[in-house]
Amino acid sequence: NNSNNRKSCNIPLVVFGVELLTHLTTCPNRLVPIIVEKCSSHIEKFGILEGIYRVTGAHLQTQKLRLAFDSNPENVDLTAPLWNSSKSDVFCIAEVLKLYFLELPTPLITFDLYYEIVNSVEIIDTNEKLFATYNTLIKLPKPHWFTLRRL
């Protein structure tokens, strides 16, 4: 079953440290990587807590979840007792999502647009700021744009 999922979707051998474009070209039915979809959906459902992305998850549990995503992301069930047995587990899921973005070879906001984004959010007028930020974000590569929209 593990190899069948990877063959049907041509999932890379690992999830972490792989370009967004690689994830999405190997799984043409996905707009965002499965790890982003699964983790963000779970956090939206169970983890809307203050500081959800500031509090770190338990290291061992975080590493186990990371390995599970690298082994077979399609089969990771975040509602299973292994990942969902206590309130603190949602922090591990948020931590794994943070690690995923941290290890992207090209950041979600690409290097070439970083300063343009910084400049746009510094605009004082709210309407101008929104316009400038949106006009910069739509320049992102599609995988980055869709993933950012999902968040």
# chains A, B, ... in the order shown; residues from 1 in each chain; ligands from 1
$ residues_around --residues "Leu148 of chain A" --least-positions-apart "5" --cutoff "9 Å" --atoms "only C-alpha atoms" --output "list in words"
Val32, Leu108, Ile109, Leu137 and Pro143 of chain A
$ write_last_selection --atoms "C-alpha atoms" --output "CSV table (one decimal), in the first residue's frame"
chain,number,residue,atom,x,y,z
A,32,VAL,CA,-1.0,22.3,-2.2
A,108,LEU,CA,7.0,30.3,0.5
A,109,ILE,CA,7.5,34.0,-0.2
A,137,LEU,CA,1.7,38.0,-4.1
A,143,PRO,CA,2.5,26.4,-6.1
$ residues_around --residues "Glu37 of chain A" --least-positions-apart "2" --cutoff "12 Å" --atoms "only C-alpha atoms" --output "list in words"
Arg30, Leu31, Val32, Pro33, Ile34, Ile35, Cys39, Ser40, Ser41, His42, Ile43, Glu44, Pro73, Glu74, Val76, Asp77, Leu78, Ile93, Leu97, Phe146, Thr147, Leu148, Arg149, Arg150 and Leu151 of chain A
$ select_by_dssp --residues "segment 93-139 of chain A" --states "helix (DSSP H, G or I)" --output "PyMOL selection string"
chain A and resi 93-102+111-121+126-137
$ write_last_selection --atoms "N, CA and C atoms" --output "mmCIF file, in the first residue's frame"
data_model
loop_
_atom_site.group_PDB
_atom_site.id
_atom_site.type_symbol
_atom_site.label_atom_id
_atom_site.label_comp_id
_atom_site.auth_asym_id
_atom_site.auth_seq_id
_atom_site.Cartn_x
_atom_site.Cartn_y
_atom_site.Cartn_z
ATOM 1 N N ILE A 93 1.777 19.044 15.685
ATOM 2 C CA ILE A 93 1.339 19.151 14.290
ATOM 3 C C ILE A 93 1.704 20.524 13.737
ATOM 4 N N ALA A 94 1.501 21.570 14.528
ATOM 5 C CA ALA A 94 1.892 22.920 14.109
ATOM 6 C C ALA A 94 3.411 23.002 13.946
ATOM 7 N N GLU A 95 4.136 22.344 14.843
ATOM 8 C CA GLU A 95 5.600 22.341 14.760
ATOM 9 C C GLU A 95 6.081 21.654 13.480
ATOM 10 N N VAL A 96 5.453 20.546 13.112
ATOM 11 C CA VAL A 96 5.815 19.842 11.883
ATOM 12 C C VAL A 96 5.548 20.726 10.668
ATOM 13 N N LEU A 97 4.443 21.435 10.681
ATOM 14 C CA LEU A 97 4.138 22.338 9.572
ATOM 15 C C LEU A 97 5.178 23.455 9.492
ATOM 16 N N LYS A 98 5.568 24.002 10.642
ATOM 17 C CA LYS A 98 6.613 25.037 10.654
ATOM 18 C C LYS A 98 7.928 24.476 10.104
ATOM 19 N N LEU A 99 8.284 23.267 10.520
ATOM 20 C CA LEU A 99 9.517 22.642 10.024
ATOM 21 C C LEU A 99 9.470 22.445 8.517
ATOM 22 N N TYR A 100 8.301 22.045 8.023
ATOM 23 C CA TYR A 100 8.155 21.849 6.577
ATOM 24 C C TYR A 100 8.484 23.144 5.834
ATOM 25 N N PHE A 101 7.888 24.247 6.271
ATOM 26 C CA PHE A 101 8.141 25.522 5.597
ATOM 27 C C PHE A 101 9.576 25.989 5.799
ATOM 28 N N LEU A 102 10.127 25.748 6.972
ATOM 29 C CA LEU A 102 11.502 26.139 7.250
ATOM 30 C C LEU A 102 12.488 25.423 6.334
ATOM 31 N N PHE A 111 12.543 34.395 -2.689
ATOM 32 C CA PHE A 111 13.614 35.355 -2.463
ATOM 33 C C PHE A 111 13.441 36.610 -3.315
ATOM 34 N N ASP A 112 13.062 36.426 -4.579
ATOM 35 C CA ASP A 112 12.991 37.570 -5.486
ATOM 36 C C ASP A 112 11.849 38.522 -5.157
ATOM 37 N N LEU A 113 10.856 38.069 -4.401
ATOM 38 C CA LEU A 113 9.728 38.943 -4.054
ATOM 39 C C LEU A 113 9.751 39.411 -2.598
ATOM 40 N N TYR A 114 10.719 38.948 -1.845
ATOM 41 C CA TYR A 114 10.755 39.253 -0.416
ATOM 42 C C TYR A 114 10.735 40.754 -0.137
ATOM 43 N N TYR A 115 11.650 41.502 -0.736
ATOM 44 C CA TYR A 115 11.727 42.939 -0.443
ATOM 45 C C TYR A 115 10.520 43.695 -0.975
ATOM 46 N N GLU A 116 9.960 43.212 -2.040
ATOM 47 C CA GLU A 116 8.739 43.834 -2.570
ATOM 48 C C GLU A 116 7.580 43.669 -1.568
ATOM 49 N N ILE A 117 7.497 42.487 -0.936
ATOM 50 C CA ILE A 117 6.476 42.245 0.090
ATOM 51 C C ILE A 117 6.739 43.133 1.301
ATOM 52 N N VAL A 118 7.977 43.185 1.744
ATOM 53 C CA VAL A 118 8.332 44.024 2.896
ATOM 54 C C VAL A 118 7.944 45.470 2.622
ATOM 55 N N ASN A 119 8.264 45.970 1.443
ATOM 56 C CA ASN A 119 7.919 47.348 1.095
ATOM 57 C C ASN A 119 6.414 47.557 1.042
ATOM 58 N N SER A 120 5.687 46.579 0.534
ATOM 59 C CA SER A 120 4.235 46.757 0.407
ATOM 60 C C SER A 120 3.541 46.779 1.767
ATOM 61 N N VAL A 121 3.996 45.980 2.721
ATOM 62 C CA VAL A 121 3.329 45.977 4.026
ATOM 63 C C VAL A 121 3.699 47.189 4.871
ATOM 64 N N THR A 126 -4.164 51.894 4.051
ATOM 65 C CA THR A 126 -4.625 50.502 4.056
ATOM 66 C C THR A 126 -4.969 49.995 2.665
ATOM 67 N N ASN A 127 -5.702 50.770 1.890
ATOM 68 C CA ASN A 127 -6.089 50.330 0.544
ATOM 69 C C ASN A 127 -4.877 50.165 -0.356
ATOM 70 N N GLU A 128 -3.959 51.110 -0.288
ATOM 71 C CA GLU A 128 -2.736 51.009 -1.090
ATOM 72 C C GLU A 128 -1.902 49.805 -0.657
ATOM 73 N N LYS A 129 -1.837 49.577 0.666
ATOM 74 C CA LYS A 129 -1.074 48.445 1.191
ATOM 75 C C LYS A 129 -1.654 47.130 0.679
ATOM 76 N N LEU A 130 -2.970 46.982 0.746
ATOM 77 C CA LEU A 130 -3.617 45.754 0.265
ATOM 78 C C LEU A 130 -3.384 45.559 -1.227
ATOM 79 N N PHE A 131 -3.531 46.632 -1.975
ATOM 80 C CA PHE A 131 -3.331 46.563 -3.423
ATOM 81 C C PHE A 131 -1.895 46.154 -3.753
ATOM 82 N N ALA A 132 -0.927 46.809 -3.120
ATOM 83 C CA ALA A 132 0.480 46.518 -3.395
ATOM 84 C C ALA A 132 0.845 45.096 -2.962
ATOM 85 N N THR A 133 0.355 44.669 -1.802
ATOM 86 C CA THR A 133 0.660 43.323 -1.312
ATOM 87 C C THR A 133 0.058 42.276 -2.233
ATOM 88 N N TYR A 134 -1.199 42.449 -2.594
ATOM 89 C CA TYR A 134 -1.849 41.494 -3.496
ATOM 90 C C TYR A 134 -1.129 41.435 -4.839
ATOM 91 N N ASN A 135 -0.802 42.593 -5.388
ATOM 92 C CA ASN A 135 -0.127 42.627 -6.691
ATOM 93 C C ASN A 135 1.265 41.999 -6.642
ATOM 94 N N THR A 136 1.859 41.975 -5.482
ATOM 95 C CA THR A 136 3.140 41.283 -5.341
ATOM 96 C C THR A 136 2.912 39.784 -5.182
ATOM 97 N N LEU A 137 1.959 39.418 -4.345
ATOM 98 C CA LEU A 137 1.718 37.993 -4.083
ATOM 99 C C LEU A 137 1.280 37.230 -5.331
#
$ atom_distance --atom1 "atom CA of Asp125 of chain A" --atom2 "atom CA of Pro107 of chain A"
27.5 Å
$ atom_distance --atom1 "atom CA of Asp89 of chain A" --atom2 "atom CA of Asn75 of chain A"
18.0 Å
$ residues_around --residues "Val14 of chain A" --least-positions-apart "4" --cutoff "8 Å" --atoms "only C-alpha atoms" --output "number ranges by chain"
A: 18, 69-71
$ write_last_selection --atoms "C-alpha atoms" --output "tab-separated table (two decimals), in the first residue's frame"
chain	number	residue	atom	x	y	z
A	18	VAL	CA	11.63	19.25	-1.39
A	69	PHE	CA	5.05	12.25	6.61
A	70	ASP	CA	8.38	11.41	5.01
A	71	SER	CA	7.46	7.69	4.92
